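Scroll down for the structure; my scribbles are underneath it.
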Amino acid sequence: MDLQIDDFYRDASAGLLALYQAFPRKITLYVEDLIGHEEPDEFGLPSKRHQSCLGALIWLAEEGYLRYENTLQFQALEQAVLTEKAFIRLSAASPESPSAVDALPPSIRRVQGSLANCLRMALRDGDSERLAQLARQLFCDGLRAKP
């Protein structure tokens with residue numbers, strides 16, 4: 001099983017959601033805020049888990065989901081912000097949204113039915129399979145990903 005892919009989905013989703021919460025402000029996105037504290041190895045280098053999370057954030061930037069000014073050593077991305085592409089996809093209604101939102105007022109339905117909210121709920125619930133499906137939906141150029 002490719003557990004690093006589940007970690008990638010979790011890290012990418014958590015990073016994008018942190019930026020979504022701050023949008024349109026630029027923020028410093030700390031790896032430790034996303035995955036918790038990881039002890040450096042015996043040489044003082046970040047753990048593999050820490051490096052993987054930072055790698056996921058840099059990949060998101062390379063693929064056009066976020067922008068940032070620089071890295072703060074191995075600790076963070078400085079002046080990070082979502083791109084239009086990521087903002088539009090996270091704000092869009094998710095086909096995975098719960099049917100209970102249909103009875104809510106339109107403004108609440110828009111927020112609770114968004115892909116961002118569905119990702120947030122999957123992260124909160126620790127539902128890695130749902131998180132993987134939602135992350136694939138995010139990365140599929142707006143096309144619905146097959147489970």
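For the structure tokens, the naming scheme is as follows: chains receive sequential letters (A, B, ...) according to their order of presentation, residues are indexed from 1 within each chain, and ligands are indexed from 1 in presentation order.
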
field: Selection: 12 Å around Tyr65 (chain A), only C-alpha atoms, excl. self and same-chain fewer than 6 positions, as a ChimeraX atom specification
entry: /A:12-13,15-17,19-20,56-59,80-90,138-139,141

Could you pull out the strand (DSSP E) residues of chain A, going by DSSP on the backbone, and write them as a PDB file with C-alpha atoms, in the first residue's frame?
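Now in selection_37.pdb:
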```pdb
ATOM      1  CA  ILE A  27       0.455  33.890   5.067  1.00  0.00           C
ATOM      2  CA  THR A  28       3.457  31.912   6.234  1.00  0.00           C
ATOM      3  CA  LEU A  29       2.439  28.263   5.932  1.00  0.00           C
ATOM      4  CA  TYR A  30       4.344  26.221   8.538  1.00  0.00           C
ATOM      5  CA  LEU A  66      -0.548  28.104  -4.683  1.00  0.00           C
ATOM      6  CA  ARG A  67       2.112  30.785  -4.916  1.00  0.00           C
ATOM      7  CA  ASN A  70      10.398  31.741  -0.477  1.00  0.00           C
ATOM      8  CA  THR A  71      10.905  28.850   1.846  1.00  0.00           C
ATOM      9  CA  LEU A  72      11.827  29.559   5.438  1.00  0.00           C
ATOM     10  CA  ALA A  76       7.550  26.946   5.944  1.00  0.00           C
ATOM     11  CA  LEU A  77       6.487  28.691   2.773  1.00  0.00           C
ATOM     12  CA  GLU A  78       6.532  32.473   3.195  1.00  0.00           C
ATOM     13  CA  GLN A  79       3.925  34.784   1.669  1.00  0.00           C
ATOM     14  CA  ALA A  80       1.823  31.840   0.445  1.00  0.00           C
ATOM     15  CA  VAL A  81      -1.574  32.350  -1.171  1.00  0.00           C
ATOM     16  CA  LEU A  82      -4.001  30.278  -3.239  1.00  0.00           C
TER      17      LEU A  82
END
```

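Nearest to Gly113 (chain A) of all the residues A:Val31, A:Cys140, A:Ala93, A:Cys53 is A:Ala93, based on only C-alpha atoms.
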
- request: Check the DSSP output for the backbone and give back, as a PyMOL selection string, the residues of region 23-77 of chain A in helix (DSSP H, G or I).
  value: chain A and resi 31-35+48-62

Written file, previous selection with all heavy atoms, as a short mmCIF file (atom, residue, chain, number, x, y, z; two decimals), in the first residue's frame:
```cif
data_model
loop_
_atom_site.label_atom_id
_atom_site.label_comp_id
_atom_site.auth_asym_id
_atom_site.auth_seq_id
_atom_site.Cartn_x
_atom_site.Cartn_y
_atom_site.Cartn_z
N VAL A 31 4.98 23.93 8.10
CA VAL A 31 4.80 22.48 8.02
C VAL A 31 4.32 21.95 9.37
O VAL A 31 3.40 21.13 9.43
CB VAL A 31 6.11 21.79 7.58
CG1 VAL A 31 6.00 20.28 7.72
CG2 VAL A 31 6.45 22.18 6.15
N GLU A 32 4.92 22.42 10.45
CA GLU A 32 4.56 21.93 11.79
C GLU A 32 3.09 22.18 12.12
O GLU A 32 2.46 21.38 12.82
CB GLU A 32 5.46 22.59 12.83
CG GLU A 32 5.37 21.92 14.18
CD GLU A 32 6.46 22.36 15.13
OE1 GLU A 32 7.65 22.14 14.81
OE2 GLU A 32 6.11 22.93 16.18
N ASP A 33 2.50 23.26 11.59
CA ASP A 33 1.08 23.52 11.82
C ASP A 33 0.20 22.49 11.11
O ASP A 33 -0.93 22.25 11.52
CB ASP A 33 0.69 24.92 11.33
CG ASP A 33 1.28 26.02 12.19
OD1 ASP A 33 1.74 25.74 13.32
OD2 ASP A 33 1.27 27.18 11.73
N LEU A 34 0.72 21.89 10.07
CA LEU A 34 -0.06 20.91 9.29
C LEU A 34 0.09 19.49 9.82
O LEU A 34 -0.88 18.73 9.81
CB LEU A 34 0.36 20.96 7.82
CG LEU A 34 0.22 22.32 7.13
CD1 LEU A 34 0.72 22.23 5.70
CD2 LEU A 34 -1.21 22.82 7.18
N ILE A 35 1.30 19.12 10.25
CA ILE A 35 1.53 17.71 10.64
C ILE A 35 1.95 17.53 12.08
O ILE A 35 2.15 16.40 12.53
CB ILE A 35 2.57 17.04 9.72
CG1 ILE A 35 3.95 17.68 9.87
CG2 ILE A 35 2.11 17.03 8.28
CD1 ILE A 35 5.08 16.89 9.22
N LYS A 48 11.70 12.48 7.47
CA LYS A 48 11.15 12.18 6.14
C LYS A 48 9.71 12.65 6.04
O LYS A 48 9.29 13.16 5.00
CB LYS A 48 11.24 10.69 5.85
CG LYS A 48 12.63 10.23 5.54
CD LYS A 48 12.67 8.77 5.14
CE LYS A 48 14.10 8.38 4.85
NZ LYS A 48 14.21 7.01 4.40
N ARG A 49 8.95 12.50 7.12
CA ARG A 49 7.55 12.94 7.12
C ARG A 49 7.47 14.45 6.92
O ARG A 49 6.64 14.94 6.15
CB ARG A 49 6.90 12.52 8.45
CG ARG A 49 5.46 12.93 8.59
CD ARG A 49 4.57 12.08 7.68
NE ARG A 49 3.22 12.55 7.75
CZ ARG A 49 2.70 13.47 6.93
NH1 ARG A 49 3.41 13.98 5.95
NH2 ARG A 49 1.46 13.87 7.07
N HIS A 50 8.33 15.18 7.61
CA HIS A 50 8.38 16.64 7.48
C HIS A 50 8.77 17.02 6.05
O HIS A 50 8.14 17.90 5.44
CB HIS A 50 9.39 17.19 8.49
CG HIS A 50 9.44 18.68 8.55
ND1 HIS A 50 8.83 19.39 9.55
CD2 HIS A 50 10.03 19.59 7.74
CE1 HIS A 50 9.04 20.68 9.36
NE2 HIS A 50 9.77 20.82 8.27
N GLN A 51 9.78 16.37 5.51
CA GLN A 51 10.22 16.64 4.14
C GLN A 51 9.12 16.34 3.13
O GLN A 51 8.96 17.06 2.14
CB GLN A 51 11.47 15.83 3.81
CG GLN A 51 12.70 16.28 4.55
CD GLN A 51 13.90 15.40 4.23
OE1 GLN A 51 14.14 15.07 3.07
NE2 GLN A 51 14.64 15.02 5.24
N SER A 52 8.36 15.28 3.39
CA SER A 52 7.27 14.92 2.47
C SER A 52 6.18 15.98 2.46
O SER A 52 5.64 16.31 1.40
CB SER A 52 6.67 13.57 2.87
OG SER A 52 7.60 12.54 2.67
N CYS A 53 5.86 16.50 3.64
CA CYS A 53 4.84 17.55 3.71
C CYS A 53 5.32 18.80 2.97
O CYS A 53 4.58 19.37 2.17
CB CYS A 53 4.50 17.87 5.16
SG CYS A 53 3.22 19.13 5.33
N LEU A 54 6.55 19.22 3.21
CA LEU A 54 7.09 20.37 2.51
C LEU A 54 7.12 20.11 1.00
O LEU A 54 6.78 20.98 0.20
CB LEU A 54 8.49 20.72 3.02
CG LEU A 54 9.13 21.97 2.41
CD1 LEU A 54 8.29 23.21 2.69
CD2 LEU A 54 10.55 22.14 2.93
N GLY A 55 7.48 18.89 0.63
CA GLY A 55 7.48 18.52 -0.79
C GLY A 55 6.09 18.60 -1.40
O GLY A 55 5.94 19.04 -2.55
N ALA A 56 5.07 18.22 -0.65
CA ALA A 56 3.69 18.31 -1.14
C ALA A 56 3.32 19.77 -1.39
O ALA A 56 2.70 20.10 -2.41
CB ALA A 56 2.72 17.67 -0.15
N LEU A 57 3.69 20.64 -0.48
CA LEU A 57 3.38 22.07 -0.63
C LEU A 57 4.10 22.66 -1.84
O LEU A 57 3.51 23.43 -2.61
CB LEU A 57 3.74 22.83 0.64
CG LEU A 57 2.98 22.43 1.90
CD1 LEU A 57 3.54 23.17 3.11
CD2 LEU A 57 1.49 22.66 1.75
N ILE A 58 5.36 22.29 -2.02
CA ILE A 58 6.11 22.80 -3.17
C ILE A 58 5.52 22.24 -4.47
O ILE A 58 5.41 22.96 -5.47
CB ILE A 58 7.61 22.49 -3.02
CG1 ILE A 58 8.17 23.34 -1.86
CG2 ILE A 58 8.38 22.75 -4.31
CD1 ILE A 58 9.58 22.99 -1.43
N TRP A 59 5.09 20.98 -4.46
CA TRP A 59 4.45 20.39 -5.63
C TRP A 59 3.18 21.17 -5.98
O TRP A 59 2.91 21.46 -7.15
CB TRP A 59 4.13 18.92 -5.39
CG TRP A 59 3.51 18.26 -6.57
CD1 TRP A 59 4.15 17.66 -7.61
CD2 TRP A 59 2.10 18.13 -6.85
NE1 TRP A 59 3.24 17.17 -8.52
CE2 TRP A 59 1.97 17.44 -8.07
CE3 TRP A 59 0.95 18.52 -6.19
CZ2 TRP A 59 0.74 17.15 -8.65
CZ3 TRP A 59 -0.28 18.23 -6.75
CH2 TRP A 59 -0.38 17.55 -7.97
N LEU A 60 2.39 21.51 -4.96
CA LEU A 60 1.17 22.30 -5.20
C LEU A 60 1.51 23.62 -5.89
O LEU A 60 0.78 24.05 -6.79
CB LEU A 60 0.44 22.57 -3.88
CG LEU A 60 -0.27 21.37 -3.25
CD1 LEU A 60 -0.71 21.71 -1.83
CD2 LEU A 60 -1.44 20.91 -4.09
N ALA A 61 2.60 24.24 -5.48
CA ALA A 61 3.02 25.48 -6.13
C ALA A 61 3.45 25.24 -7.57
O ALA A 61 3.05 25.98 -8.48
CB ALA A 61 4.16 26.13 -5.34
N GLU A 62 4.22 24.19 -7.79
CA GLU A 62 4.68 23.88 -9.14
C GLU A 62 3.54 23.55 -10.08
O GLU A 62 3.61 23.81 -11.28
CB GLU A 62 5.68 22.72 -9.10
CG GLU A 62 7.00 23.10 -8.46
CD GLU A 62 7.92 21.92 -8.20
OE1 GLU A 62 7.47 20.75 -8.32
OE2 GLU A 62 9.09 22.16 -7.86
#
```

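Our summary of the geometry notes that CA of Ser114 (chain A) is positioned 24.5 Å from CA of Tyr68 (chain A).
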
- prompt: For Gly36 (chain A), which of A:Pro24, A:Gln75, A:Gly64, A:Phe8 is the closest residue, counting only C-alpha atoms?
  reply: A:Gln75

- line: The distance between CA of Ala132 (chain A) and CA of Asp7 (chain A) is 9.7 Å
